[in-house]
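Structure file coords_1.cif; described as mmCIF, C-alpha atoms and all ligand atoms.
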data_query
loop_
_atom_site.group_PDB
_atom_site.id
_atom_site.type_symbol
_atom_site.label_atom_id
_atom_site.label_comp_id
_atom_site.auth_asym_id
_atom_site.auth_seq_id
_atom_site.Cartn_x
_atom_site.Cartn_y
_atom_site.Cartn_z
ATOM 1 C CA MET T 1384 0.000 0.000 0.000
ATOM 2 C CA THR T 1385 2.715 2.510 1.023
ATOM 3 C CA ARG T 1386 4.833 1.307 -1.907
ATOM 4 C CA ASN T 1387 1.989 1.803 -4.338
ATOM 5 C CA LEU T 1388 1.419 5.310 -3.035
ATOM 6 C CA CYS T 1389 5.064 6.075 -3.466
ATOM 7 C CA LEU T 1390 5.072 4.705 -7.023
ATOM 8 C CA CYS T 1391 2.062 6.804 -7.817
ATOM 9 C CA TYR T 1392 3.827 9.839 -6.393
ATOM 10 C CA ILE T 1393 6.851 9.220 -8.623
ATOM 11 C CA GLN T 1394 4.630 8.820 -11.666
ATOM 12 C CA LEU T 1395 2.887 12.081 -10.854
ATOM 13 C CA CYS T 1396 6.245 13.805 -10.499
ATOM 14 C CA SER T 1397 7.438 12.476 -13.843
ATOM 15 C CA PHE T 1398 4.244 13.648 -15.468
ATOM 16 C CA PHE T 1399 4.735 17.183 -14.143
ATOM 17 C CA PHE T 1400 8.360 17.109 -15.229
ATOM 18 C CA VAL T 1401 7.306 16.222 -18.764
ATOM 19 C CA VAL T 1402 4.662 18.958 -18.766
ATOM 20 C CA VAL T 1403 7.186 21.522 -17.541
ATOM 21 C CA CYS T 1404 9.716 20.395 -20.138
ATOM 22 C CA PHE T 1405 7.088 20.553 -22.885
ATOM 23 C CA CYS T 1406 5.982 24.012 -21.790
ATOM 24 C CA TYR T 1407 9.583 25.161 -21.691
ATOM 25 C CA PHE T 1408 10.201 23.861 -25.191
ATOM 26 C CA VAL T 1409 7.033 25.432 -26.585
ATOM 27 C CA LEU T 1410 7.676 28.758 -24.853
ATOM 28 C CA SER T 1411 11.327 28.906 -25.837
ATOM 29 C CA ALA T 1412 10.514 28.054 -29.468
ATOM 30 C CA GLN T 1413 9.026 31.487 -29.971
ATOM 31 C CA CYS T 1414 10.237 34.319 -32.149
ATOM 32 C CA GLU T 1415 9.716 38.002 -31.597
ATOM 33 C CA THR T 1416 8.305 40.156 -34.400
ATOM 34 C CA PRO T 1417 11.052 40.302 -37.023
ATOM 35 C CA LYS T 1418 12.446 43.745 -37.877
ATOM 36 C CA PRO T 1419 14.560 43.330 -40.991
ATOM 37 C CA GLY T 1420 14.831 47.090 -41.877
ATOM 38 C CA GLY T 1421 15.748 47.998 -45.457
ATOM 39 C CA ASN T 1422 12.293 49.504 -46.139
ATOM 40 C CA ARG T 1423 10.718 46.054 -45.721
ATOM 41 C CA ILE T 1424 7.586 45.372 -43.689
ATOM 42 C CA LEU T 1425 5.516 42.277 -42.790
ATOM 43 C CA THR T 1426 2.480 41.600 -44.947
ATOM 44 C CA PRO T 1427 -0.749 42.201 -42.986
ATOM 45 C CA GLU T 1428 -1.435 38.404 -42.897
ATOM 46 C CA SER T 1429 1.998 37.733 -41.398
ATOM 47 C CA ASN T 1430 1.620 40.281 -38.630
ATOM 48 C CA LYS T 1431 1.082 38.433 -35.313
ATOM 49 C CA PRO T 1432 1.972 39.147 -31.681
ATOM 50 C CA THR T 1433 4.139 35.993 -31.363
ATOM 51 C CA TYR T 1434 5.489 33.315 -33.642
ATOM 52 C CA SER T 1435 6.156 29.657 -32.906
ATOM 53 C CA GLY T 1436 9.070 27.603 -34.147
ATOM 54 C CA GLY T 1437 8.584 26.701 -37.793
ATOM 55 C CA ASP T 1438 6.283 29.674 -38.522
ATOM 56 C CA THR T 1439 6.967 31.406 -41.808
ATOM 57 C CA VAL T 1440 6.315 35.099 -42.396
ATOM 58 C CA THR T 1441 6.218 37.075 -45.635
ATOM 59 C CA PHE T 1442 7.581 40.583 -46.270
ATOM 60 C CA GLN T 1443 6.731 43.295 -48.712
ATOM 61 C CA CYS T 1444 8.195 46.713 -49.449
ATOM 62 C CA ILE T 1445 6.941 49.770 -47.520
ATOM 63 C CA VAL T 1446 4.761 52.353 -49.259
ATOM 64 C CA GLY T 1447 6.575 54.109 -52.097
ATOM 65 C CA TYR T 1448 9.110 51.259 -52.518
ATOM 66 C CA LYS T 1449 9.158 48.263 -54.828
ATOM 67 C CA PRO T 1450 11.179 45.000 -54.957
ATOM 68 C CA VAL T 1451 14.450 45.260 -56.868
ATOM 69 C CA ASN T 1452 13.829 41.693 -58.033
ATOM 70 C CA SER T 1453 10.225 40.522 -57.889
ATOM 71 C CA LYS T 1454 11.306 36.831 -57.791
ATOM 72 C CA ALA T 1455 13.540 37.219 -54.707
ATOM 73 C CA SER T 1456 12.452 35.250 -51.627
ATOM 74 C CA LYS T 1457 10.231 37.295 -49.339
ATOM 75 C CA THR T 1458 9.951 34.819 -46.449
ATOM 76 C CA LEU T 1459 11.575 34.175 -43.088
ATOM 77 C CA THR T 1460 11.163 31.110 -40.853
ATOM 78 C CA CYS T 1461 11.227 31.054 -37.054
ATOM 79 C CA SER T 1462 13.749 28.331 -36.227
ATOM 80 C CA GLY T 1463 14.297 27.561 -32.552
ATOM 81 C CA ASN T 1464 13.756 31.013 -31.131
ATOM 82 C CA SER T 1465 15.266 33.212 -33.791
ATOM 83 C CA TRP T 1466 14.719 34.128 -37.419
ATOM 84 C CA ASP T 1467 17.004 32.880 -40.099
ATOM 85 C CA TYR T 1468 17.521 36.123 -42.001
ATOM 86 C CA SER T 1469 19.693 34.464 -44.647
ATOM 87 C CA THR T 1470 16.550 33.239 -46.431
ATOM 88 C CA LEU T 1471 15.146 36.754 -46.898
ATOM 89 C CA LYS T 1472 16.361 38.033 -50.289
ATOM 90 C CA LEU T 1473 13.796 40.787 -50.848
ATOM 91 C CA GLU T 1474 15.431 44.190 -51.494
ATOM 92 C CA CYS T 1475 13.364 47.349 -51.777
ATOM 93 C CA THR T 1476 14.070 50.494 -53.759
ATOM 94 C CA LYS T 1477 12.141 53.764 -54.143
ATOM 95 C CA LYS T 1478 9.483 53.701 -56.838
ATOM 96 C CA THR T 1479 9.971 56.079 -59.745
ATOM 97 C CA CYS T 1480 7.184 58.245 -61.076
ATOM 98 C CA GLY T 1481 9.141 58.957 -64.264
ATOM 99 C CA ALA T 1482 9.667 62.360 -65.858
ATOM 100 C CA LEU T 1483 6.466 64.280 -66.503
ATOM 101 C CA PRO T 1484 5.536 65.204 -70.065
ATOM 102 C CA ASP T 1485 6.112 68.849 -71.020
ATOM 103 C CA PHE T 1486 3.248 71.286 -70.725
ATOM 104 C CA PRO T 1487 2.634 74.417 -72.798
ATOM 105 C CA ASN T 1488 4.452 77.661 -71.937
ATOM 106 C CA GLY T 1489 6.299 76.404 -68.888
ATOM 107 C CA ARG T 1490 8.400 73.674 -67.324
ATOM 108 C CA TYR T 1491 8.708 71.607 -64.165
ATOM 109 C CA ILE T 1492 11.345 72.225 -61.513
ATOM 110 C CA TYR T 1493 11.992 68.907 -59.775
ATOM 111 C CA SER T 1494 13.105 68.741 -56.175
ATOM 112 C CA PRO T 1495 15.311 67.250 -54.912
ATOM 113 C CA GLU T 1496 17.556 67.976 -57.872
ATOM 114 C CA GLY T 1497 18.996 65.191 -59.997
ATOM 115 C CA ALA T 1498 17.905 61.562 -60.267
ATOM 116 C CA GLU T 1499 15.987 61.677 -56.948
ATOM 117 C CA GLY T 1500 13.680 64.337 -58.428
ATOM 118 C CA ILE T 1501 11.388 61.811 -60.091
ATOM 119 C CA LEU T 1502 11.359 59.227 -57.278
ATOM 120 C CA PHE T 1503 8.781 58.656 -54.541
ATOM 121 C CA GLY T 1504 8.511 61.754 -52.300
ATOM 122 C CA ALA T 1505 9.785 64.201 -54.935
ATOM 123 C CA THR T 1506 7.996 67.408 -55.922
ATOM 124 C CA ALA T 1507 7.576 68.892 -59.388
ATOM 125 C CA ALA T 1508 6.817 72.629 -59.233
ATOM 126 C CA ALA T 1509 5.466 74.377 -62.298
ATOM 127 C CA GLU T 1510 7.278 77.441 -63.623
ATOM 128 C CA CYS T 1511 5.774 79.409 -66.467
ATOM 129 C CA ASN T 1512 7.827 81.005 -69.215
ATOM 130 C CA GLU T 1513 8.443 84.743 -69.137
ATOM 131 C CA GLY T 1514 5.271 86.573 -70.060
ATOM 132 C CA TYR T 1515 3.061 83.765 -68.746
ATOM 133 C CA LEU T 1516 1.283 83.517 -65.429
ATOM 134 C CA LEU T 1517 0.514 80.269 -63.582
ATOM 135 C CA LEU T 1518 -3.256 79.956 -63.435
ATOM 136 C CA ARG T 1519 -3.773 76.452 -61.945
ATOM 137 C CA TYR T 1520 -2.026 73.383 -60.486
ATOM 138 C CA PRO T 1521 1.333 74.699 -59.224
ATOM 139 C CA ASP T 1522 2.846 71.588 -57.533
ATOM 140 C CA ARG T 1523 2.786 67.850 -58.140
ATOM 141 C CA HIS T 1524 4.053 65.111 -55.805
ATOM 142 C CA CYS T 1525 5.418 61.686 -56.624
ATOM 143 C CA ARG T 1526 3.149 59.354 -54.637
ATOM 144 C CA ASP T 1527 3.039 55.549 -54.333
ATOM 145 C CA SER T 1528 0.658 55.411 -57.293
ATOM 146 C CA GLY T 1529 2.482 58.026 -59.421
ATOM 147 C CA TRP T 1530 2.324 61.806 -59.868
ATOM 148 C CA ASP T 1531 -0.663 63.490 -58.250
ATOM 149 C CA GLY T 1532 -2.260 66.742 -59.394
ATOM 150 C CA ARG T 1533 -2.834 67.855 -62.922
ATOM 151 C CA GLU T 1534 -1.005 69.491 -65.771
ATOM 152 C CA PRO T 1535 -0.244 73.137 -64.853
ATOM 153 C CA VAL T 1536 -1.899 75.903 -66.831
ATOM 154 C CA CYS T 1537 0.216 78.915 -67.855
ATOM 155 C CA GLU T 1538 -1.692 81.807 -69.286
ATOM 156 C CA VAL T 1539 -0.289 84.684 -71.327
ATOM 157 C CA VAL T 1540 0.092 87.769 -69.134
ATOM 158 C CA LYS T 1541 -2.411 90.557 -69.635
ATOM 159 C CA CYS T 1542 -2.492 93.811 -67.715
ATOM 160 C CA LEU T 1543 -5.386 96.113 -66.992
ATOM 161 C CA PRO T 1544 -4.596 99.711 -67.978
ATOM 162 C CA PRO T 1545 -2.302 101.569 -65.544
ATOM 163 C CA PRO T 1546 -3.874 104.261 -63.343
ATOM 164 C CA GLU T 1547 -4.630 107.848 -64.337
ATOM 165 C CA ILE T 1548 -2.410 110.407 -62.622
ATOM 166 C CA LEU T 1549 -3.008 113.881 -61.243
ATOM 167 C CA ASN T 1550 -1.685 116.849 -63.264
ATOM 168 C CA GLY T 1551 -0.457 114.662 -66.087
ATOM 169 C CA GLN T 1552 -1.574 111.993 -68.533
ATOM 170 C CA PRO T 1553 -0.451 109.108 -70.705
ATOM 171 C CA GLU T 1554 1.063 110.154 -74.002
ATOM 172 C CA GLU T 1555 -1.564 108.088 -75.822
ATOM 173 C CA PRO T 1556 -5.107 107.182 -74.743
ATOM 174 C CA LEU T 1557 -5.141 104.074 -72.520
ATOM 175 C CA LEU T 1558 -6.217 100.737 -73.997
ATOM 176 C CA GLU T 1559 -8.650 98.319 -72.373
ATOM 177 C CA GLU T 1560 -5.971 95.641 -71.942
ATOM 178 C CA TYR T 1561 -2.222 95.298 -72.453
ATOM 179 C CA GLU T 1562 0.050 92.388 -73.281
ATOM 180 C CA TYR T 1563 3.222 91.495 -71.432
ATOM 181 C CA GLY T 1564 5.959 94.075 -72.067
ATOM 182 C CA GLN T 1565 3.716 96.787 -73.490
ATOM 183 C CA ALA T 1566 4.612 100.213 -72.131
ATOM 184 C CA VAL T 1567 2.801 103.427 -71.256
ATOM 185 C CA THR T 1568 4.571 106.806 -71.009
ATOM 186 C CA TYR T 1569 3.217 109.634 -68.898
ATOM 187 C CA ILE T 1570 3.795 113.350 -69.369
ATOM 188 C CA CYS T 1571 3.150 116.029 -66.772
ATOM 189 C CA ASN T 1572 1.046 119.101 -67.548
ATOM 190 C CA ALA T 1573 2.903 122.350 -68.266
ATOM 191 C CA GLY T 1574 4.344 123.862 -65.108
ATOM 192 C CA TYR T 1575 4.405 120.505 -63.295
ATOM 193 C CA THR T 1576 7.483 118.500 -62.502
ATOM 194 C CA ARG T 1577 7.664 114.721 -62.861
ATOM 195 C CA PHE T 1578 8.868 112.644 -59.920
ATOM 196 C CA GLY T 1579 9.519 108.992 -60.759
ATOM 197 C CA VAL T 1580 10.018 107.237 -64.094
ATOM 198 C CA SER T 1581 7.953 108.374 -67.093
ATOM 199 C CA THR T 1582 7.468 104.889 -68.579
ATOM 200 C CA VAL T 1583 5.817 101.872 -66.944
ATOM 201 C CA SER T 1584 5.270 98.462 -68.524
ATOM 202 C CA CYS T 1585 3.037 95.412 -68.193
ATOM 203 C CA SER T 1586 5.070 93.056 -65.970
ATOM 204 C CA ASN T 1587 5.193 89.292 -65.480
ATOM 205 C CA ASN T 1588 2.637 89.327 -62.659
ATOM 206 C CA GLY T 1589 -0.038 91.185 -64.629
ATOM 207 C CA THR T 1590 0.540 94.638 -63.137
ATOM 208 C CA PHE T 1591 2.246 97.720 -64.534
ATOM 209 C CA GLN T 1592 5.658 98.257 -62.950
ATOM 210 C CA PRO T 1593 7.063 100.432 -61.516
ATOM 211 C CA SER T 1594 4.459 102.865 -60.147
ATOM 212 C CA PRO T 1595 3.538 105.735 -62.497
ATOM 213 C CA PRO T 1596 5.192 109.114 -61.858
ATOM 214 C CA GLU T 1597 3.763 111.908 -59.748
ATOM 215 C CA CYS T 1598 3.374 115.380 -61.242
ATOM 216 C CA GLU T 1599 3.754 118.238 -58.818
ATOM 217 C CA LYS T 1600 3.857 122.004 -59.114
ATOM 218 C CA VAL T 1601 6.991 122.936 -57.219
ATOM 219 C CA SER T 1602 7.485 126.497 -56.038
ATOM 220 C CA CYS T 1603 9.710 128.023 -53.422
ATOM 221 C CA ASP T 1604 9.038 131.367 -51.752
ATOM 222 C CA PRO T 1605 12.000 133.731 -51.963
ATOM 223 C CA PRO T 1606 13.562 134.004 -48.523
ATOM 224 C CA SER T 1607 14.454 137.421 -47.148
ATOM 225 C CA VAL T 1608 17.919 137.935 -45.806
ATOM 226 C CA LEU T 1609 18.359 140.777 -43.364
ATOM 227 C CA ASN T 1610 21.273 143.015 -44.306
ATOM 228 C CA GLY T 1611 21.700 141.071 -47.545
ATOM 229 C CA ASN T 1612 20.588 141.243 -51.182
ATOM 230 C CA LYS T 1613 19.651 138.762 -53.825
ATOM 231 C CA ILE T 1614 22.283 138.843 -56.562
ATOM 232 C CA GLU T 1615 21.033 135.920 -58.691
ATOM 233 C CA GLY T 1616 17.670 134.285 -59.429
ATOM 234 C CA ILE T 1617 14.428 135.518 -60.912
ATOM 235 C CA PRO T 1618 10.999 134.584 -59.580
ATOM 236 C CA PRO T 1619 8.966 132.457 -59.813
ATOM 237 C CA TYR T 1620 11.230 129.889 -58.207
ATOM 238 C CA ARG T 1621 10.450 126.466 -59.614
ATOM 239 C CA TYR T 1622 12.009 123.013 -59.271
ATOM 240 C CA LYS T 1623 15.843 123.350 -59.402
ATOM 241 C CA SER T 1624 15.748 127.173 -59.580
ATOM 242 C CA THR T 1625 18.650 128.800 -57.768
ATOM 243 C CA ILE T 1626 18.884 131.943 -55.784
ATOM 244 C CA LYS T 1627 22.065 133.657 -54.534
ATOM 245 C CA PHE T 1628 22.625 136.260 -51.840
ATOM 246 C CA ALA T 1629 25.361 138.684 -50.860
ATOM 247 C CA CYS T 1630 25.604 140.615 -47.611
ATOM 248 C CA THR T 1631 25.648 144.417 -47.636
ATOM 249 C CA SER T 1632 29.094 145.791 -46.908
ATOM 250 C CA GLY T 1633 30.165 145.587 -43.316
ATOM 251 C CA PHE T 1634 28.230 142.350 -42.739
ATOM 252 C CA LYS T 1635 29.610 138.859 -42.739
ATOM 253 C CA MET T 1636 27.806 135.832 -44.233
ATOM 254 C CA GLU T 1637 27.013 132.744 -42.201
ATOM 255 C CA GLY T 1638 25.816 129.757 -44.218
ATOM 256 C CA SER T 1639 25.682 129.115 -47.945
ATOM 257 C CA PRO T 1640 25.136 132.075 -50.331
ATOM 258 C CA SER T 1641 23.149 130.026 -52.882
ATOM 259 C CA LEU T 1642 20.071 127.841 -52.439
ATOM 260 C CA VAL T 1643 18.342 125.361 -54.786
ATOM 261 C CA CYS T 1644 14.573 124.927 -54.947
ATOM 262 C CA GLU T 1645 13.750 121.267 -54.354
ATOM 263 C CA ARG T 1646 10.490 119.252 -54.227
ATOM 264 C CA ASN T 1647 9.861 120.268 -50.614
ATOM 265 C CA GLY T 1648 11.362 123.766 -50.571
ATOM 266 C CA TRP T 1649 14.843 125.258 -50.495
ATOM 267 C CA ASP T 1650 17.637 122.727 -50.022
ATOM 268 C CA LEU T 1651 19.328 124.786 -47.254
ATOM 269 C CA PRO T 1652 18.329 127.422 -44.729
ATOM 270 C CA PRO T 1653 18.950 130.976 -46.004
ATOM 271 C CA PRO T 1654 22.255 132.555 -44.987
ATOM 272 C CA ASN T 1655 22.543 135.141 -42.175
ATOM 273 C CA CYS T 1656 24.349 138.412 -42.544
ATOM 274 C CA THR T 1657 25.846 139.377 -39.232
ATOM 275 C CA GLY T 1658 27.462 142.708 -38.540
ATOM 276 C CA GLU T 1659 30.675 143.270 -36.591
ATOM 277 C CA SER T 1660 29.064 146.359 -35.012
ATOM 278 C CA GLU T 1661 26.255 144.228 -33.619
ATOM 279 C CA GLN T 1662 28.826 141.916 -32.106
ATOM 280 C CA TRP T 1663 30.564 144.943 -30.594
ATOM 281 C CA PHE T 1664 27.344 146.110 -29.012
ATOM 282 C CA SER T 1665 26.714 142.740 -27.551
ATOM 283 C CA VAL T 1666 30.121 142.856 -25.927
ATOM 284 C CA CYS T 1667 29.265 146.304 -24.531
ATOM 285 C CA ASP T 1668 26.069 144.912 -23.019
ATOM 286 C CA LEU T 1669 28.145 142.586 -20.912
ATOM 287 C CA MET T 1670 30.470 145.335 -19.619
ATOM 288 C CA PRO T 1671 29.661 147.298 -16.512
ATOM 289 C CA PHE T 1672 29.922 150.735 -18.240
ATOM 290 C CA PRO T 1673 27.893 153.525 -16.641
ATOM 291 C CA LEU T 1674 24.891 154.839 -18.598
ATOM 292 C CA ASN T 1675 25.795 157.453 -21.301
ATOM 293 C CA PHE T 1676 29.441 156.404 -21.146
ATOM 294 C CA LYS T 1677 31.155 157.557 -24.326
ATOM 295 C CA LEU T 1678 33.671 155.536 -26.220
ATOM 296 C CA THR T 1679 35.874 157.511 -28.524
ATOM 297 C CA PHE T 1680 38.018 155.946 -31.221
ATOM 298 C CA PHE T 1681 40.922 157.647 -32.874
HETATM 299 C C1 LIG Y 1701 3.985 92.367 -58.957
HETATM 300 O O1 LIG Y 1701 5.394 92.437 -58.857
HETATM 301 C C2 LIG Y 1701 5.904 93.619 -58.217
HETATM 302 C C3 LIG Y 1701 7.431 93.558 -58.215
HETATM 303 O O2 LIG Y 1701 7.909 93.154 -59.436
HETATM 304 C C4 LIG Y 1701 5.347 93.743 -56.805
HETATM 305 O O3 LIG Y 1701 5.799 94.934 -56.203
HETATM 306 C C5 LIG Y 1701 3.819 93.724 -56.843
HETATM 307 O O4 LIG Y 1701 3.323 93.736 -55.535
HETATM 308 C C6 LIG Y 1701 3.332 92.484 -57.573
HETATM 309 N N1 LIG Y 1701 1.888 92.557 -57.673
HETATM 310 C C7 LIG Y 1701 1.098 91.506 -57.455
HETATM 311 C C8 LIG Y 1701 -0.362 91.732 -57.619
HETATM 312 O O5 LIG Y 1701 1.556 90.416 -57.160
HETATM 313 C C1 LIG Y 1702 20.710 132.162 -39.008
HETATM 314 O O1 LIG Y 1702 20.270 132.546 -37.729
HETATM 315 C C2 LIG Y 1702 19.186 131.777 -37.236
HETATM 316 C C3 LIG Y 1702 18.750 132.437 -35.909
HETATM 317 O O2 LIG Y 1702 19.845 132.717 -35.079
HETATM 318 C C4 LIG Y 1702 19.658 130.346 -37.069
HETATM 319 O O3 LIG Y 1702 18.581 129.531 -36.598
HETATM 320 C C5 LIG Y 1702 20.105 129.819 -38.423
HETATM 321 O O4 LIG Y 1702 20.601 128.513 -38.302
HETATM 322 C C6 LIG Y 1702 21.180 130.709 -38.990
HETATM 323 N N1 LIG Y 1702 21.491 130.293 -40.348
HETATM 324 C C7 LIG Y 1702 22.707 129.927 -40.760
HETATM 325 C C8 LIG Y 1702 22.858 129.542 -42.151
HETATM 326 O O5 LIG Y 1702 23.683 129.944 -39.974
#

Show me the file's structure as structure tokens.
Ligand SMILES: *[C@@H]1O[C@H](CO)[C@@H](O)[C@H](O)[C@H]1NC(C)=O
Ligand SMILES: *[C@@H]1O[C@H](CO)[C@@H](O)[C@H](O)[C@H]1NC(C)=O
Amino acid sequence: MTRNLCLCYIQLCSFFFVVVCFCYFVLSAQCETPKPGGNRILTPESNKPTYSGGDTVTFQCIVGYKPVNSKASKTLTCSGNSWDYSTLKLECTKKTCGALPDFPNGRYIYSPEGAEGILFGATAAAECNEGYLLLRYPDRHCRDSGWDGREPVCEVVKCLPPPEILNGQPEEPLLEEYEYGQAVTYICNAGYTRFGVSTVSCSNNGTFQPSPPECEKVSCDPPSVLNGNKIEGIPPYRYKSTIKFACTSGFKMEGSPSLVCERNGWDLPPPNCTGESEQWFSVCDLMPFPLNFKLTFF
């Protein structure tokens, strides 16, 4: 009876030992999710949390990439508790979208530059020829399925007439519409001075450039110079007119004798004519001479 019990106990022990061994084998014969890199990824069907020994998984290229050789082996097998990477021959390379066909009146600028410019992830930006304006579809991207977007549309540049100006007018009557490069010349009315360029032209972006000139009547009031006289210059004083002063004898000039009439008035302040006698008096003011004191010079 005791012997039988003991035998039974041993049998039970052996059974548990076998179970433990089996569990250990099964657990240890597991592979983690393989991470082969090289722009390769598991197919959705192969994606599992754990893999047992002998399991086979299949790879494919990530989005935007394609196999270098479509016949290369794409599988890995979990052997023991690791993957045998030597069986995986799949290599992945970026897909090409190919060069885009030309479009009228413009061209594509590919980025990045060079061979990469037509591969997955590249951008093709439309650039219109001179005199043409991009109307639609500026950028295209090389996606997994090819170039997105549509063929750009470059339209010939037209300008609306340039603005009317005050105190002047275009040499010829304005048209309703202008083509790229067409020019308009303005002239100021008599007695007005032009500031800015006289000719503007229809530019690449559909506007006249630069801004039209401004016509202004420039006049400068003659300044008065105490103890001085005008020796040059006849009114009215217009843009760039000059005026020149001289001091009456006995007075000394401070400042510039001649002034030029500019857009906003004389270019310099008028000169001052100062007298030596005035300076003398000012010295006297400071001296403690008694009232009615007489100074006599010989
Ligand atoms: C057109 O181009 C000029 C410079 O060449 C710029 O000053 C102006 O703002 C542009 N106009 C428009 C509508 O883009
Ligand atoms: C003339 O005198 C005035 C007043 O003293 C002074 O403000 C001005 O700067 C002087 N002008 C010159 C040219 O020295």

Q.
With the PyMOL selection byres (((not hetatm)) within 7 of (chain Y and resi 1701)) as the selection, what would be picked from this file? Answer as a count of residues only, please.
A. 3

Find the nearest atom pair between each residue of chain T and ligand LIG 1702 (chain Y) for residues within 10 Å, count only C-alpha atoms and all ligand atoms, give distances in Å to one decimal, sort rows by chain and ascending number, and present the table as JSON lines.
{"residue": "T:Val1608", "atom": "CA", "partner": "Y:LIG1702", "partner_atom": "C1", "distance": 9.3}
{"residue": "T:Leu1609", "atom": "CA", "partner": "Y:LIG1702", "partner_atom": "C1", "distance": 9.9}
{"residue": "T:Met1636", "atom": "CA", "partner": "Y:LIG1702", "partner_atom": "C8", "distance": 8.3}
{"residue": "T:Glu1637", "atom": "CA", "partner": "Y:LIG1702", "partner_atom": "O5", "distance": 4.9}
{"residue": "T:Gly1638", "atom": "CA", "partner": "Y:LIG1702", "partner_atom": "C8", "distance": 3.6}
{"residue": "T:Ser1639", "atom": "CA", "partner": "Y:LIG1702", "partner_atom": "C8", "distance": 6.5}
{"residue": "T:Pro1640", "atom": "CA", "partner": "Y:LIG1702", "partner_atom": "C8", "distance": 8.9}
{"residue": "T:Leu1651", "atom": "CA", "partner": "Y:LIG1702", "partner_atom": "C8", "distance": 7.8}
{"residue": "T:Pro1652", "atom": "CA", "partner": "Y:LIG1702", "partner_atom": "C8", "distance": 5.6}
{"residue": "T:Pro1653", "atom": "CA", "partner": "Y:LIG1702", "partner_atom": "C8", "distance": 5.7}
{"residue": "T:Pro1654", "atom": "CA", "partner": "Y:LIG1702", "partner_atom": "C8", "distance": 4.2}
{"residue": "T:Asn1655", "atom": "CA", "partner": "Y:LIG1702", "partner_atom": "C1", "distance": 4.7}
{"residue": "T:Cys1656", "atom": "CA", "partner": "Y:LIG1702", "partner_atom": "C1", "distance": 8.1}
{"residue": "T:Thr1657", "atom": "CA", "partner": "Y:LIG1702", "partner_atom": "C1", "distance": 8.9}

**Q.** Counting all atoms listed in the file, the residue of T:Gly1500, T:Gly1437, T:Pro1535, T:Gly1514 that sits nearest Tyr1561 (chain T)
**A.** T:Gly1514

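What the PyMOL selection byres (((chain T and resi 1565) around 6) and not hetatm) matches in the given file is T:Glu1562, T:Tyr1563, T:Gly1564, T:Ala1566, T:Ser1584, T:Cys1585.
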
Write a file of the selected residues as a PDB file, keeping the file's coordinate frame, keeping C-alpha atoms.
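Output (result-v3.pdb):
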ATOM      1  CA  GLU T1562       0.050  92.388 -73.281  1.00  0.00           C
ATOM      2  CA  TYR T1563       3.222  91.495 -71.432  1.00  0.00           C
ATOM      3  CA  GLY T1564       5.959  94.075 -72.067  1.00  0.00           C
ATOM      4  CA  ALA T1566       4.612 100.213 -72.131  1.00  0.00           C
ATOM      5  CA  SER T1584       5.270  98.462 -68.524  1.00  0.00           C
ATOM      6  CA  CYS T1585       3.037  95.412 -68.193  1.00  0.00           C
TER       7      CYS T1585
END

Residue members of the PyMOL selection byres (((chain T and resi 1604) around 9) and not hetatm) in the file shown, as a PDB file with C-alpha atoms, in the coordinates of the input:
ATOM      1  CA  SER T1602       7.485 126.497 -56.038  1.00  0.00           C
ATOM      2  CA  CYS T1603       9.710 128.023 -53.422  1.00  0.00           C
ATOM      3  CA  PRO T1605      12.000 133.731 -51.963  1.00  0.00           C
ATOM      4  CA  PRO T1606      13.562 134.004 -48.523  1.00  0.00           C
ATOM      5  CA  PRO T1618      10.999 134.584 -59.580  1.00  0.00           C
ATOM      6  CA  PRO T1619       8.966 132.457 -59.813  1.00  0.00           C
ATOM      7  CA  TYR T1620      11.230 129.889 -58.207  1.00  0.00           C
ATOM      8  CA  GLY T1648      11.362 123.766 -50.571  1.00  0.00           C
ATOM      9  CA  TRP T1649      14.843 125.258 -50.495  1.00  0.00           C
TER      10      TRP T1649
END

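Shortest separation to Asp1527 (chain T) among T:Ile1501, T:Val1539, T:Cys1511, T:Leu1473 occurs at residue T:Ile1501, atoms counted being all atoms listed in the file.
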
Q | Contacts of Ser1453 (chain T) within 12 Å, all atoms listed in the file, excl. fewer than 3 positions in-chain, as a ChimeraX atom specification | A | /T:1442-1444,1449-1450,1456-1457,1472-1476

For the selection just defined, write its residues with C-alpha atoms to a file, as a PDB file, in the coordinates of the input.
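The new file result_10.pdb reads:
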ATOM      1  CA  PHE T1442       7.581  40.583 -46.270  1.00  0.00           C
ATOM      2  CA  GLN T1443       6.731  43.295 -48.712  1.00  0.00           C
ATOM      3  CA  CYS T1444       8.195  46.713 -49.449  1.00  0.00           C
ATOM      4  CA  LYS T1449       9.158  48.263 -54.828  1.00  0.00           C
ATOM      5  CA  PRO T1450      11.179  45.000 -54.957  1.00  0.00           C
ATOM      6  CA  SER T1456      12.452  35.250 -51.627  1.00  0.00           C
ATOM      7  CA  LYS T1457      10.231  37.295 -49.339  1.00  0.00           C
ATOM      8  CA  LYS T1472      16.361  38.033 -50.289  1.00  0.00           C
ATOM      9  CA  LEU T1473      13.796  40.787 -50.848  1.00  0.00           C
ATOM     10  CA  GLU T1474      15.431  44.190 -51.494  1.00  0.00           C
ATOM     11  CA  CYS T1475      13.364  47.349 -51.777  1.00  0.00           C
ATOM     12  CA  THR T1476      14.070  50.494 -53.759  1.00  0.00           C
TER      13      THR T1476
END

Q) Residues at most 12 Å from Val1583 (chain T), counting all atoms listed in the file, excluding those fewer than 2 positions away in the same chain, as a list in words? A)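 Final neighbour list, sorted by chain and number: Cys1542, Pro1544, Pro1545, Pro1546, Pro1553, Glu1554, Tyr1561, Tyr1563, Gly1564, Gln1565, Ala1566, Val1567, Thr1568, Tyr1569, Ile1570, Gly1579, Val1580, Ser1581, Cys1585, Ser1586, Thr1590, Phe1591, Gln1592, Pro1593, Ser1594, Pro1595 and Pro1596 of chain T.
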